[in-house]
file coords.pdb (PDB, C-alpha atoms and all ligand atoms)
MODEL        1
ATOM      1  CA  MET A   8      45.739  60.889 172.014
ATOM      2  CA  ALA A   9      46.817  61.689 168.420
ATOM      3  CA  ASP A  10      48.431  65.081 167.772
ATOM      4  CA  PRO A  11      45.869  67.709 166.684
ATOM      5  CA  ARG A  12      45.752  68.374 162.951
ATOM      6  CA  ILE A  13      45.989  72.148 162.621
ATOM      7  CA  LEU A  14      45.444  74.060 159.380
ATOM      8  CA  VAL A  15      47.570  77.240 159.391
ATOM      9  CA  LEU A  16      46.458  80.056 157.086
ATOM     10  CA  ALA A  17      49.066  82.835 156.722
ATOM     11  CA  THR A  18      48.219  86.387 155.683
ATOM     12  CA  GLY A  19      51.473  88.243 156.534
ATOM     13  CA  GLY A  20      51.964  90.906 159.205
ATOM     14  CA  THR A  21      54.842  91.477 161.580
ATOM     15  CA  ILE A  22      54.814  87.821 162.619
ATOM     16  CA  ALA A  23      56.165  87.295 159.101
ATOM     17  CA  GLY A  24      58.111  90.550 159.020
ATOM     18  CA  GLN A  25      61.806  91.373 158.826
ATOM     19  CA  ALA A  26      63.799  94.449 159.844
ATOM     20  CA  GLY A  27      67.030  93.451 158.171
ATOM     21  CA  ASP A  28      68.820  94.612 161.327
ATOM     22  CA  ALA A  29      67.944  93.439 164.838
ATOM     23  CA  MET A  30      68.635  96.875 166.296
ATOM     24  CA  ARG A  31      66.543  98.922 163.905
ATOM     25  CA  HIS A  32      62.863  99.809 164.454
ATOM     26  CA  ASP A  33      62.087  99.835 160.746
ATOM     27  CA  TYR A  34      60.801  96.587 159.256
ATOM     28  CA  ARG A  35      58.732  95.186 156.402
ATOM     29  CA  PRO A  36      55.673  92.993 157.217
ATOM     30  CA  GLY A  37      55.066  89.816 155.240
ATOM     31  CA  GLN A  38      58.682  88.984 154.347
ATOM     32  CA  VAL A  39      58.858  85.320 155.347
ATOM     33  CA  GLY A  40      56.579  82.544 154.178
ATOM     34  CA  ILE A  41      54.486  80.215 156.279
ATOM     35  CA  GLU A  42      57.134  77.463 156.164
ATOM     36  CA  TYR A  43      59.388  79.766 158.230
ATOM     37  CA  TYR A  44      57.361  79.310 161.393
ATOM     38  CA  LEU A  45      56.071  75.817 160.619
ATOM     39  CA  ASP A  46      59.726  74.697 160.419
ATOM     40  CA  GLN A  47      60.434  76.465 163.744
ATOM     41  CA  ALA A  48      57.292  74.981 165.302
ATOM     42  CA  ARG A  49      58.364  71.492 164.253
ATOM     43  CA  ALA A  50      61.905  72.161 165.546
ATOM     44  CA  LEU A  51      60.403  73.202 168.911
ATOM     45  CA  GLY A  52      58.629  69.842 168.999
ATOM     46  CA  ILE A  53      55.128  71.359 169.246
ATOM     47  CA  ALA A  54      52.796  68.368 169.384
ATOM     48  CA  ALA A  55      50.648  69.033 166.307
ATOM     49  CA  GLN A  56      50.433  68.085 162.650
ATOM     50  CA  PHE A  57      50.550  71.386 160.729
ATOM     51  CA  THR A  58      49.297  71.975 157.218
ATOM     52  CA  GLY A  59      50.158  75.425 155.911
ATOM     53  CA  ARG A  60      48.505  77.603 153.256
ATOM     54  CA  GLN A  61      49.686  81.100 152.259
ATOM     55  CA  ILE A  62      46.549  83.208 151.731
ATOM     56  CA  ALA A  63      48.434  86.528 151.424
ATOM     57  CA  ASN A  64      51.657  88.122 152.680
ATOM     58  CA  ILE A  65      50.743  91.719 153.512
ATOM     59  CA  GLY A  66      50.754  94.232 156.317
ATOM     60  CA  SER A  67      47.266  93.926 157.769
ATOM     61  CA  GLU A  68      46.703  97.638 157.140
ATOM     62  CA  ASP A  69      46.182  96.365 153.567
ATOM     63  CA  ILE A  70      43.688  93.625 154.424
ATOM     64  CA  ASP A  71      40.728  93.748 152.036
ATOM     65  CA  ALA A  72      37.459  92.062 151.054
ATOM     66  CA  SER A  73      39.180  89.565 148.756
ATOM     67  CA  ILE A  74      41.519  88.311 151.507
ATOM     68  CA  TRP A  75      38.631  88.164 153.972
ATOM     69  CA  SER A  76      36.644  86.164 151.429
ATOM     70  CA  ARG A  77      39.525  83.704 150.874
ATOM     71  CA  LEU A  78      40.016  83.294 154.639
ATOM     72  CA  HIS A  79      36.312  82.756 155.259
ATOM     73  CA  SER A  80      35.879  80.125 152.541
ATOM     74  CA  GLU A  81      39.051  78.238 153.590
ATOM     75  CA  ILE A  82      37.940  78.128 157.248
ATOM     76  CA  ASP A  83      34.316  77.331 156.406
ATOM     77  CA  ARG A  84      35.558  74.397 154.322
ATOM     78  CA  ALA A  85      37.943  73.285 157.117
ATOM     79  CA  MET A  86      35.009  73.303 159.559
ATOM     80  CA  ARG A  87      33.492  70.500 157.473
ATOM     81  CA  ASP A  88      36.777  68.631 156.835
ATOM     82  CA  ASP A  89      37.208  65.596 159.121
ATOM     83  CA  ALA A  90      40.975  65.757 158.531
ATOM     84  CA  VAL A  91      41.217  69.184 160.257
ATOM     85  CA  ASP A  92      40.805  69.589 164.039
ATOM     86  CA  SER A  93      41.432  73.352 164.306
ATOM     87  CA  ILE A  94      42.600  76.414 162.414
ATOM     88  CA  ILE A  95      45.277  79.047 163.105
ATOM     89  CA  VAL A  96      45.360  82.317 161.152
ATOM     90  CA  THR A  97      48.607  84.300 161.258
ATOM     91  CA  HIS A  98      47.790  87.962 160.769
ATOM     92  CA  GLY A  99      49.038  91.514 161.258
ATOM     93  CA  THR A 100      48.052  93.178 164.510
ATOM     94  CA  ASP A 101      46.705  96.467 163.098
ATOM     95  CA  THR A 102      43.408  94.978 161.891
ATOM     96  CA  ALA A 103      43.385  91.700 163.812
ATOM     97  CA  GLU A 104      40.272  92.778 165.742
ATOM     98  CA  GLU A 105      38.243  93.412 162.594
ATOM     99  CA  THR A 106      39.255  90.173 160.879
ATOM    100  CA  ALA A 107      38.689  88.124 164.036
ATOM    101  CA  PHE A 108      35.240  89.646 164.676
ATOM    102  CA  LEU A 109      34.110  89.350 161.038
ATOM    103  CA  LEU A 110      35.054  85.658 161.046
ATOM    104  CA  ASP A 111      33.525  85.174 164.505
ATOM    105  CA  LEU A 112      30.168  86.481 163.248
ATOM    106  CA  THR A 113      30.140  84.457 160.027
ATOM    107  CA  LEU A 114      31.499  81.054 161.023
ATOM    108  CA  PRO A 115      30.171  78.204 163.163
ATOM    109  CA  ALA A 116      31.971  77.661 166.508
ATOM    110  CA  THR A 117      32.343  73.898 166.123
ATOM    111  CA  LYS A 118      36.163  73.958 165.779
ATOM    112  CA  PRO A 119      38.730  76.317 167.345
ATOM    113  CA  VAL A 120      39.825  79.230 165.139
ATOM    114  CA  VAL A 121      42.820  81.084 166.596
ATOM    115  CA  LEU A 122      44.238  84.310 165.169
ATOM    116  CA  VAL A 123      47.839  85.157 166.110
ATOM    117  CA  GLY A 124      50.333  87.923 165.320
ATOM    118  CA  ALA A 125      53.483  89.537 166.625
ATOM    119  CA  MET A 126      54.645  92.995 167.658
ATOM    120  CA  ARG A 127      58.304  92.457 166.675
ATOM    121  CA  PRO A 128      59.625  91.118 163.350
ATOM    122  CA  THR A 129      61.351  87.753 163.038
ATOM    123  CA  ASP A 130      64.900  89.202 163.156
ATOM    124  CA  ALA A 131      64.326  91.649 166.029
ATOM    125  CA  VAL A 132      65.885  91.187 169.477
ATOM    126  CA  GLY A 133      63.056  89.609 171.520
ATOM    127  CA  TYR A 134      60.953  88.436 168.547
ATOM    128  CA  ASP A 135      57.611  87.480 170.125
ATOM    129  CA  GLY A 136      56.088  85.735 167.092
ATOM    130  CA  MET A 137      57.306  82.224 167.803
ATOM    131  CA  ARG A 138      56.115  82.342 171.401
ATOM    132  CA  ASN A 139      52.750  83.639 170.255
ATOM    133  CA  PHE A 140      52.579  80.914 167.603
ATOM    134  CA  ALA A 141      53.456  78.192 170.129
ATOM    135  CA  ASN A 142      50.756  79.606 172.431
ATOM    136  CA  ALA A 143      48.270  79.647 169.553
ATOM    137  CA  ALA A 144      49.065  75.996 168.797
ATOM    138  CA  ARG A 145      48.468  75.096 172.454
ATOM    139  CA  VAL A 146      45.073  76.824 172.373
ATOM    140  CA  ALA A 147      44.098  75.411 168.967
ATOM    141  CA  GLY A 148      45.031  71.904 170.107
ATOM    142  CA  ASP A 149      43.101  72.104 173.387
ATOM    143  CA  GLY A 150      39.962  69.951 173.747
ATOM    144  CA  ASP A 151      38.158  72.816 175.496
ATOM    145  CA  ALA A 152      38.820  75.493 172.856
ATOM    146  CA  ALA A 153      35.774  74.782 170.655
ATOM    147  CA  GLY A 154      32.522  76.621 171.341
ATOM    148  CA  ARG A 155      34.277  79.944 172.009
ATOM    149  CA  GLY A 156      34.155  81.476 168.539
ATOM    150  CA  VAL A 157      37.253  83.046 167.033
ATOM    151  CA  LEU A 158      40.042  83.630 169.576
ATOM    152  CA  VAL A 159      43.031  85.995 169.424
ATOM    153  CA  VAL A 160      46.260  84.864 171.092
ATOM    154  CA  MET A 161      48.849  87.573 171.863
ATOM    155  CA  GLY A 162      51.163  88.241 174.792
ATOM    156  CA  ASP A 163      50.346  85.072 176.794
ATOM    157  CA  ARG A 164      46.646  85.944 176.791
ATOM    158  CA  VAL A 165      43.661  84.477 174.939
ATOM    159  CA  HIS A 166      41.021  87.036 173.969
ATOM    160  CA  SER A 167      37.586  86.484 172.467
ATOM    161  CA  ALA A 168      37.067  88.128 169.085
ATOM    162  CA  ARG A 169      34.148  90.168 170.469
ATOM    163  CA  ASP A 170      36.191  91.641 173.351
ATOM    164  CA  VAL A 171      39.636  92.153 171.823
ATOM    165  CA  ARG A 172      41.298  95.339 170.578
ATOM    166  CA  LYS A 173      44.833  96.502 169.899
ATOM    167  CA  ALA A 174      45.499  98.985 172.714
ATOM    168  CA  LYS A 175      49.234  99.767 172.310
ATOM    169  CA  THR A 176      51.368 100.575 169.287
ATOM    170  CA  ARG A 177      54.576  98.728 170.231
ATOM    171  CA  ALA A 178      54.416  96.747 173.507
ATOM    172  CA  THR A 179      54.392  92.951 173.109
ATOM    173  CA  GLU A 180      51.336  92.887 175.402
ATOM    174  CA  ALA A 181      49.505  95.239 173.072
ATOM    175  CA  PHE A 182      46.045  93.661 173.194
ATOM    176  CA  ARG A 183      43.277  94.254 175.732
ATOM    177  CA  GLY A 184      39.771  92.896 176.063
ATOM    178  CA  PHE A 185      36.504  94.550 177.122
ATOM    179  CA  PRO A 186      34.298  93.744 178.930
ATOM    180  CA  ARG A 187      36.253  90.491 179.435
ATOM    181  CA  GLU A 188      39.959  91.398 179.697
ATOM    182  CA  SER A 189      40.815  87.879 178.466
ATOM    183  CA  VAL A 190      39.296  84.384 178.533
ATOM    184  CA  ALA A 191      42.491  82.431 179.318
ATOM    185  CA  ILE A 192      46.182  82.688 180.163
ATOM    186  CA  VAL A 193      48.490  80.647 177.914
ATOM    187  CA  THR A 194      52.205  79.875 177.700
ATOM    188  CA  PRO A 195      53.955  77.317 175.502
ATOM    189  CA  SER A 196      53.626  74.822 178.379
ATOM    190  CA  ARG A 197      50.256  75.706 180.050
ATOM    191  CA  LEU A 198      46.724  76.877 179.245
ATOM    192  CA  ASP A 199      44.232  78.028 181.891
ATOM    193  CA  TRP A 200      40.689  78.905 180.774
ATOM    194  CA  PHE A 201      38.663  81.344 182.915
ATOM    195  CA  GLY A 202      35.301  79.767 182.165
ATOM    196  CA  ALA A 203      33.310  77.324 180.041
ATOM    197  CA  PRO A 204      32.666  77.672 176.276
ATOM    198  CA  TRP A 205      29.840  80.162 175.567
ATOM    199  CA  ARG A 206      29.012  79.576 171.899
ATOM    200  CA  THR A 207      26.665  76.629 172.442
ATOM    201  CA  GLU A 208      24.948  77.045 169.072
ATOM    202  CA  ASP A 209      27.242  75.844 166.330
ATOM    203  CA  ALA A 210      25.763  77.790 163.419
ATOM    204  CA  ALA A 211      27.171  81.053 162.045
ATOM    205  CA  ARG A 212      25.287  84.118 163.316
ATOM    206  CA  LEU A 213      25.288  85.993 159.989
ATOM    207  CA  LYS A 214      26.053  85.165 156.360
ATOM    208  CA  PHE A 215      29.433  86.239 154.966
ATOM    209  CA  LEU A 216      28.376  88.672 152.204
ATOM    210  CA  PRO A 217      30.011  91.642 150.419
ATOM    211  CA  LEU A 218      30.099  94.545 152.886
ATOM    212  CA  PRO A 219      28.681  98.003 152.063
ATOM    213  CA  GLU A 220      30.717 101.064 152.872
ATOM    214  CA  VAL A 221      29.938 102.230 156.431
ATOM    215  CA  PRO A 222      31.776 105.440 157.389
ATOM    216  CA  ILE A 223      32.827 106.326 160.916
ATOM    217  CA  LEU A 224      31.782 109.823 161.965
ATOM    218  CA  ALA A 225      34.443 110.938 164.462
ATOM    219  CA  ILE A 226      32.881 113.450 166.850
ATOM    220  CA  TYR A 227      35.062 116.178 168.377
ATOM    221  CA  ALA A 228      34.461 119.117 170.650
ATOM    222  CA  GLY A 229      32.764 121.924 168.719
ATOM    223  CA  MET A 230      31.895 119.816 165.670
ATOM    224  CA  SER A 231      29.329 121.477 163.416
ATOM    225  CA  ALA A 232      26.463 119.827 161.554
ATOM    226  CA  ALA A 233      27.961 121.201 158.309
ATOM    227  CA  ALA A 234      31.228 119.357 158.949
ATOM    228  CA  ALA A 235      29.285 116.162 159.636
ATOM    229  CA  ALA A 236      27.053 116.701 156.580
ATOM    230  CA  ARG A 237      30.078 116.966 154.296
ATOM    231  CA  GLN A 238      31.238 113.494 155.438
ATOM    232  CA  LEU A 239      27.782 111.974 154.890
ATOM    233  CA  ALA A 240      26.877 113.683 151.615
ATOM    234  CA  HIS A 241      26.986 110.322 149.777
ATOM    235  CA  LYS A 242      24.121 109.040 151.963
ATOM    236  CA  PRO A 243      25.665 105.768 153.212
ATOM    237  CA  GLN A 244      23.424 102.843 154.216
ATOM    238  CA  GLY A 245      25.044 102.774 157.649
ATOM    239  CA  ILE A 246      26.895 105.246 159.886
ATOM    240  CA  VAL A 247      28.919 104.486 163.015
ATOM    241  CA  VAL A 248      29.301 107.476 165.320
ATOM    242  CA  SER A 249      32.585 107.541 167.241
ATOM    243  CA  GLY A 250      30.908 109.598 169.912
ATOM    244  CA  LEU A 251      31.999 111.507 172.995
ATOM    245  CA  GLY A 252      31.648 109.720 176.327
ATOM    246  CA  GLU A 253      28.714 107.329 176.127
ATOM    247  CA  GLY A 254      28.172 107.945 172.415
ATOM    248  CA  ASN A 255      27.237 111.640 172.721
ATOM    249  CA  MET A 256      27.401 114.365 170.054
ATOM    250  CA  PRO A 257      26.555 118.049 169.592
ATOM    251  CA  GLU A 258      22.751 118.541 169.212
ATOM    252  CA  PRO A 259      23.004 119.893 165.624
ATOM    253  CA  VAL A 260      24.895 116.730 164.645
ATOM    254  CA  ARG A 261      22.231 114.559 166.310
ATOM    255  CA  LEU A 262      19.513 116.313 164.329
ATOM    256  CA  LEU A 263      21.472 115.695 161.107
ATOM    257  CA  LEU A 264      21.850 111.989 161.953
ATOM    258  CA  LEU A 265      18.128 111.871 162.695
ATOM    259  CA  GLU A 266      17.526 112.792 159.026
ATOM    260  CA  HIS A 267      19.828 109.987 157.878
ATOM    261  CA  ALA A 268      18.068 107.480 160.157
ATOM    262  CA  ARG A 269      14.724 108.631 158.773
ATOM    263  CA  ARG A 270      15.913 107.996 155.177
ATOM    264  CA  GLY A 271      16.742 104.434 156.272
ATOM    265  CA  ALA A 272      20.432 104.537 157.265
ATOM    266  CA  LEU A 273      21.429 102.334 160.209
ATOM    267  CA  VAL A 274      22.912 104.834 162.702
ATOM    268  CA  VAL A 275      24.981 103.281 165.522
ATOM    269  CA  ARG A 276      26.186 105.284 168.522
ATOM    270  CA  ALA A 277      29.620 104.010 169.662
ATOM    271  CA  SER A 278      32.254 105.777 171.748
ATOM    272  CA  ARG A 279      35.720 107.175 171.052
ATOM    273  CA  THR A 280      36.732 106.312 174.631
ATOM    274  CA  ASP A 281      38.814 103.150 175.155
ATOM    275  CA  GLU A 282      36.329 101.143 177.173
ATOM    276  CA  GLY A 283      32.799 101.327 178.507
ATOM    277  CA  LEU A 284      29.277 100.318 177.631
ATOM    278  CA  VAL A 285      27.258 102.595 175.365
ATOM    279  CA  ASP A 286      23.680 101.902 176.467
ATOM    280  CA  ARG A 287      20.440 102.960 174.815
ATOM    281  CA  LEU A 288      19.168 106.477 175.576
ATOM    282  CA  PRO A 289      15.454 107.228 176.000
ATOM    283  CA  THR A 290      15.717 109.272 172.769
ATOM    284  CA  ASP A 291      17.170 106.373 170.732
ATOM    285  CA  ASP A 292      13.744 104.835 170.053
ATOM    286  CA  ALA A 293      12.353 108.059 168.542
ATOM    287  CA  ASP A 294      15.668 108.820 166.785
ATOM    288  CA  GLY A 295      15.907 105.293 165.393
ATOM    289  CA  PHE A 296      19.506 104.977 166.664
ATOM    290  CA  VAL A 297      21.286 101.782 167.774
ATOM    291  CA  ALA A 298      23.571 101.680 170.856
ATOM    292  CA  ALA A 299      26.920  99.883 170.334
ATOM    293  CA  ARG A 300      26.929  98.522 173.937
ATOM    294  CA  ALA A 301      30.353  96.868 174.546
ATOM    295  CA  LEU A 302      31.620  97.108 170.962
ATOM    296  CA  GLY A 303      34.288  99.712 170.211
ATOM    297  CA  VAL A 304      34.168 101.703 166.990
ATOM    298  CA  PRO A 305      36.090  99.333 164.628
ATOM    299  CA  LYS A 306      34.007  96.285 165.552
ATOM    300  CA  ALA A 307      30.762  98.267 165.652
ATOM    301  CA  ARG A 308      31.551  99.161 162.037
ATOM    302  CA  VAL A 309      32.144  95.510 161.067
ATOM    303  CA  LEU A 310      28.844  94.435 162.634
ATOM    304  CA  THR A 311      26.878  97.338 161.122
ATOM    305  CA  ALA A 312      28.185  96.565 157.618
ATOM    306  CA  LEU A 313      27.467  92.858 158.031
ATOM    307  CA  LEU A 314      23.921  93.496 159.294
ATOM    308  CA  ILE A 315      23.177  95.697 156.273
ATOM    309  CA  ALA A 316      24.672  93.059 153.963
ATOM    310  CA  ASN A 317      22.277  90.544 155.561
ATOM    311  CA  GLY A 318      19.298  92.860 155.078
ATOM    312  CA  ILE A 319      18.987  93.693 158.794
ATOM    313  CA  THR A 320      18.386  97.455 158.800
ATOM    314  CA  ASP A 321      15.570  97.754 161.343
ATOM    315  CA  PRO A 322      17.157  99.476 164.407
ATOM    316  CA  ALA A 323      15.347  97.262 166.936
ATOM    317  CA  GLU A 324      16.441  94.072 165.153
ATOM    318  CA  ALA A 325      19.990  95.403 164.742
ATOM    319  CA  GLN A 326      20.117  96.286 168.457
ATOM    320  CA  ARG A 327      19.694  92.627 169.336
ATOM    321  CA  TYR A 328      22.996  91.801 167.608
ATOM    322  CA  PHE A 329      24.797  94.545 169.549
ATOM    323  CA  ASP A 330      23.279  93.261 172.802
ATOM    324  CA  GLU A 331      24.585  89.712 172.236
ATOM    325  CA  ARG A 332      27.722  88.421 173.959
TER     326      ARG A 332
HETATM  327  N1  LIG B   1      52.547  95.567 160.160
HETATM  328  C1  LIG B   1      51.346  95.765 160.955
HETATM  329  C2  LIG B   1      50.308  94.776 160.522
HETATM  330  O1  LIG B   1      50.585  93.994 159.630
HETATM  331  C3  LIG B   1      51.643  95.583 162.396
HETATM  332  C4  LIG B   1      51.790  94.148 162.817
HETATM  333  O2  LIG B   1      51.700  93.236 162.076
HETATM  334  O3  LIG B   1      52.003  93.989 163.970
HETATM  335  O4  LIG B   1      49.213  94.808 161.102
ENDMDL
END
call {"tool": "encode", "arguments": {"input": "coords.pdb", "output": "structure tokens", "more": "lines below"}}
Ligand code: DAS
result
Amino acid sequence: MADPRILVLATGGTIAGQAGDAMRHDYRPGQVGIEYYLDQARALGIAAQFTGRQIANIGSEDIDASIWSRLHSEIDRAMRDDAVDSIIVTHGTDTAEETAFLLDLTLPATKPVVLVGAMRPTDAVGYDGMRNFANAARVAGDGDAAGRGVLVVMGDRVHSARDVRKAKTRATEAFRGFPRESVAIVTPSRLDWFGAPWRTEDAARLKFLPLPEVPILAIYAGMSAAAAARQLAHKPQGIVVSGLGEGNMPEPVRLLLLEHARRGALVVRASRTDEGLVDRLPTDDADGFVAARALGVPKARVLTALLIANGITDPAEAQRYFDER
């Protein structure tokens, strides 16, 4: 079988970072270009034909709409290009979950799209980027990787874009998944999937459109409605509540959010806790609220903004997108 033809789109991050001193914690993301790891990948003898394109070279804390737009159009085009079998995106880890989920929602699942990063810069003792990249190439080149949407490969695990989040600040196994911890285990020499592809439809679920601002209302013990009102004074089209427990909030804050829902804002109850389903409450129907279900706050915000951009602001219709897997 011919080697897979993999398009690699680089955006920067620690996988392309340098500390200048292997023993120092300090480093700068986005210091080396894409050829750095394509040369290493070729030297390792990874069985793939790589084509590289530098989209950006930033810390992913600086990812923005223009980079997302470039990434989306490059991948959408590659999906239709017979000379490309799969796509790898190298990316910082801080916002990997948002980029992966945004692309997962707005691209077809006909070819593998694998996002990969690193927790240690290229010149650190124990640099993990090349192992992660070799793992990503193994996943991207696998005949069973299509039909799973965007995947994130970090720390010998393969996560689905919908499940994944960065859960640790510095460990090399920094990423977790919920409700599925991961969908495969991968090393440079082996790949074991935990189940069959689940994205049987090959169309994108939503259109990639400019995203409205959707603030996150972080609830804390003793929060007043006045404090919440000050953060929502600009009357946003959507609000994601980073709620207590299963998306709970003080009653005065709920009454305030009721007013925003009644003026047409899409109000989504998510949770500040690490993991757990936020299910619909009997009061949600009357309040016009949406329950985030398995989505944590950052991805609930991505989906809420994308739904509004696509003109989906009816709570019942929006709920269906949060209920999907
Ligand atoms: N520099 C941060 C980023 O680009 C961290 C990283 O890449 O791991 O997201």
call {"tool": "closest_residue", "arguments": {"input": "coords.pdb", "among": "A:Thr194, A:Ser76, A:Gln38, A:Thr117", "to": "ligand LIG 1 (chain B)", "atoms": "all atoms listed in the file"}}
result
A:Gln38
call {"tool": "resolve_selection", "arguments": {"input": "coords.pdb", "expression": "the PyMOL selection byres (((chain A and resi 280) around 12) and not hetatm)", "output": "PyMOL selection string"}}
result
chain A and resi 174+225-227+248-255+277-279+281-285+301-304
call {"tool": "axis_aligned_box", "arguments": {"input": "coords.pdb", "around": "ligand LIG 1 (chain B)", "padding_each_side": "6 Å", "output": "lines of an AutoDock Vina configuration file"}}
result
center_x = 50.9
center_y = 94.5
center_z = 161.8
size_x = 15.3
size_y = 14.5
size_z = 16.3
call {"tool": "residues_near_point", "arguments": {"input": "coords.pdb", "point": "(49.1, 80.9, 162.2)", "cutoff": "8 Å", "atoms": "all atoms listed in the file", "output": "list in words"}}
result
Val15, Leu16, Ala17, Ile94, Ile95, Val96, Thr97, His98, Val121, Leu122, Val123, Gly124, Phe140 and Ala143 of chain A
call {"tool": "atom_distance", "arguments": {"input": "coords.pdb", "atom1": "atom CA of A:Asp46", "atom2": "atom CA of A:Asn142"}}
result
15.8 Å
call {"tool": "residues_around", "arguments": {"input": "coords.pdb", "residues": "stretch 21-37 of chain A", "least_positions_apart": "3", "cutoff": "9 Å", "atoms": "only C-alpha atoms", "output": "ChimeraX atom specification"}}
result
/A:17-18,40-41,43-44,63-67,97-100,123-132,134-137,139-140
call {"tool": "write_last_selection", "arguments": {"input": "coords.pdb", "atoms": "C-alpha atoms", "output": "short mmCIF file (atom, residue, chain, number, x, y, z; two decimals), keeping the file's coordinate frame"}}
result
data_model
loop_
_atom_site.label_atom_id
_atom_site.label_comp_id
_atom_site.auth_asym_id
_atom_site.auth_seq_id
_atom_site.Cartn_x
_atom_site.Cartn_y
_atom_site.Cartn_z
CA ALA A 17 49.07 82.84 156.72
CA THR A 18 48.22 86.39 155.68
CA GLY A 40 56.58 82.54 154.18
CA ILE A 41 54.49 80.22 156.28
CA TYR A 43 59.39 79.77 158.23
CA TYR A 44 57.36 79.31 161.39
CA ALA A 63 48.43 86.53 151.42
CA ASN A 64 51.66 88.12 152.68
CA ILE A 65 50.74 91.72 153.51
CA GLY A 66 50.75 94.23 156.32
CA SER A 67 47.27 93.93 157.77
CA THR A 97 48.61 84.30 161.26
CA HIS A 98 47.79 87.96 160.77
CA GLY A 99 49.04 91.51 161.26
CA THR A 100 48.05 93.18 164.51
CA VAL A 123 47.84 85.16 166.11
CA GLY A 124 50.33 87.92 165.32
CA ALA A 125 53.48 89.54 166.62
CA MET A 126 54.64 93.00 167.66
CA ARG A 127 58.30 92.46 166.68
CA PRO A 128 59.62 91.12 163.35
CA THR A 129 61.35 87.75 163.04
CA ASP A 130 64.90 89.20 163.16
CA ALA A 131 64.33 91.65 166.03
CA VAL A 132 65.89 91.19 169.48
CA TYR A 134 60.95 88.44 168.55
CA ASP A 135 57.61 87.48 170.12
CA GLY A 136 56.09 85.74 167.09
CA MET A 137 57.31 82.22 167.80
CA ASN A 139 52.75 83.64 170.26
CA PHE A 140 52.58 80.91 167.60
#
call {"tool": "atom_distance", "arguments": {"input": "coords.pdb", "atom1": "atom CA of A:Pro195", "atom2": "atom CA of A:Met8"}}
result
18.7 Å
call {"tool": "closest_residue", "arguments": {"input": "coords.pdb", "among": "A:Arg145, A:Arg60, A:Lys118, A:His166", "to": "A:Ser196", "atoms": "all atoms listed in the file"}}
result
A:Arg145
call {"tool": "residues_near_point", "arguments": {"input": "coords.pdb", "point": "(42.4, 83.1, 180.4)", "cutoff": "8 Å", "atoms": "all atoms listed in the file", "output": "CSV table (one decimal) with C-alpha atoms, in the frame of the given file"}}
result
chain,number,residue,atom,x,y,z
A,164,ARG,CA,46.6,85.9,176.8
A,165,VAL,CA,43.7,84.5,174.9
A,166,HIS,CA,41.0,87.0,174.0
A,189,SER,CA,40.8,87.9,178.5
A,190,VAL,CA,39.3,84.4,178.5
A,191,ALA,CA,42.5,82.4,179.3
A,192,ILE,CA,46.2,82.7,180.2
A,193,VAL,CA,48.5,80.6,177.9
A,198,LEU,CA,46.7,76.9,179.2
A,199,ASP,CA,44.2,78.0,181.9
A,200,TRP,CA,40.7,78.9,180.8
A,201,PHE,CA,38.7,81.3,182.9
call {"tool": "closest_residue", "arguments": {"input": "coords.pdb", "among": "A:Thr106, A:Ser73, A:Gln61, A:Thr207", "to": "ligand LIG 1 (chain B)", "atoms": "all atoms listed in the file"}}
result
A:Thr106
call {"tool": "atom_distance", "arguments": {"input": "coords.pdb", "atom1": "atom CA of A:Gly184", "atom2": "atom CA of A:Asp170"}}
result
4.7 Å
call {"tool": "residues_around", "arguments": {"input": "coords.pdb", "residues": "A:Glu266", "least_positions_apart": "5", "cutoff": "10 Å", "atoms": "only C-alpha atoms", "output": "PyMOL selection string"}}
result
chain A and resi 261+271-272+294-295
call {"tool": "build_atoms", "arguments": {"input": "coords.pdb", "residues": "stretch 172-178 of chain A", "atoms": "N, CA, C and O atoms", "output": "PDB file, in the coordinates of the input"}}
result
ATOM      1  N   ARG A 172      40.866  94.200 171.394  1.00  0.00           N
ATOM      2  CA  ARG A 172      41.298  95.339 170.578  1.00  0.00           C
ATOM      3  C   ARG A 172      42.783  95.548 170.778  1.00  0.00           C
ATOM      4  O   ARG A 172      43.344  95.145 171.804  1.00  0.00           O
ATOM      5  N   LYS A 173      43.419  96.141 169.763  1.00  0.00           N
ATOM      6  CA  LYS A 173      44.833  96.502 169.899  1.00  0.00           C
ATOM      7  C   LYS A 173      44.871  97.810 170.669  1.00  0.00           C
ATOM      8  O   LYS A 173      44.275  98.807 170.260  1.00  0.00           O
ATOM      9  N   ALA A 174      45.563  97.806 171.825  1.00  0.00           N
ATOM     10  CA  ALA A 174      45.499  98.985 172.714  1.00  0.00           C
ATOM     11  C   ALA A 174      46.831  99.719 172.790  1.00  0.00           C
ATOM     12  O   ALA A 174      46.901 100.819 173.333  1.00  0.00           O
ATOM     13  N   LYS A 175      47.915  99.096 172.273  1.00  0.00           N
ATOM     14  CA  LYS A 175      49.234  99.767 172.310  1.00  0.00           C
ATOM     15  C   LYS A 175      49.921  99.614 170.954  1.00  0.00           C
ATOM     16  O   LYS A 175      49.729  98.614 170.263  1.00  0.00           O
ATOM     17  N   THR A 176      50.761 100.597 170.624  1.00  0.00           N
ATOM     18  CA  THR A 176      51.368 100.575 169.287  1.00  0.00           C
ATOM     19  C   THR A 176      52.590  99.669 169.215  1.00  0.00           C
ATOM     20  O   THR A 176      52.886  99.139 168.144  1.00  0.00           O
ATOM     21  N   ARG A 177      53.326  99.482 170.371  1.00  0.00           N
ATOM     22  CA  ARG A 177      54.576  98.728 170.231  1.00  0.00           C
ATOM     23  C   ARG A 177      54.836  97.675 171.306  1.00  0.00           C
ATOM     24  O   ARG A 177      55.687  96.825 171.124  1.00  0.00           O
ATOM     25  N   ALA A 178      54.128  97.731 172.443  1.00  0.00           N
ATOM     26  CA  ALA A 178      54.416  96.747 173.507  1.00  0.00           C
ATOM     27  C   ALA A 178      54.045  95.344 173.025  1.00  0.00           C
ATOM     28  O   ALA A 178      53.107  95.183 172.236  1.00  0.00           O
TER      29      ALA A 178
END
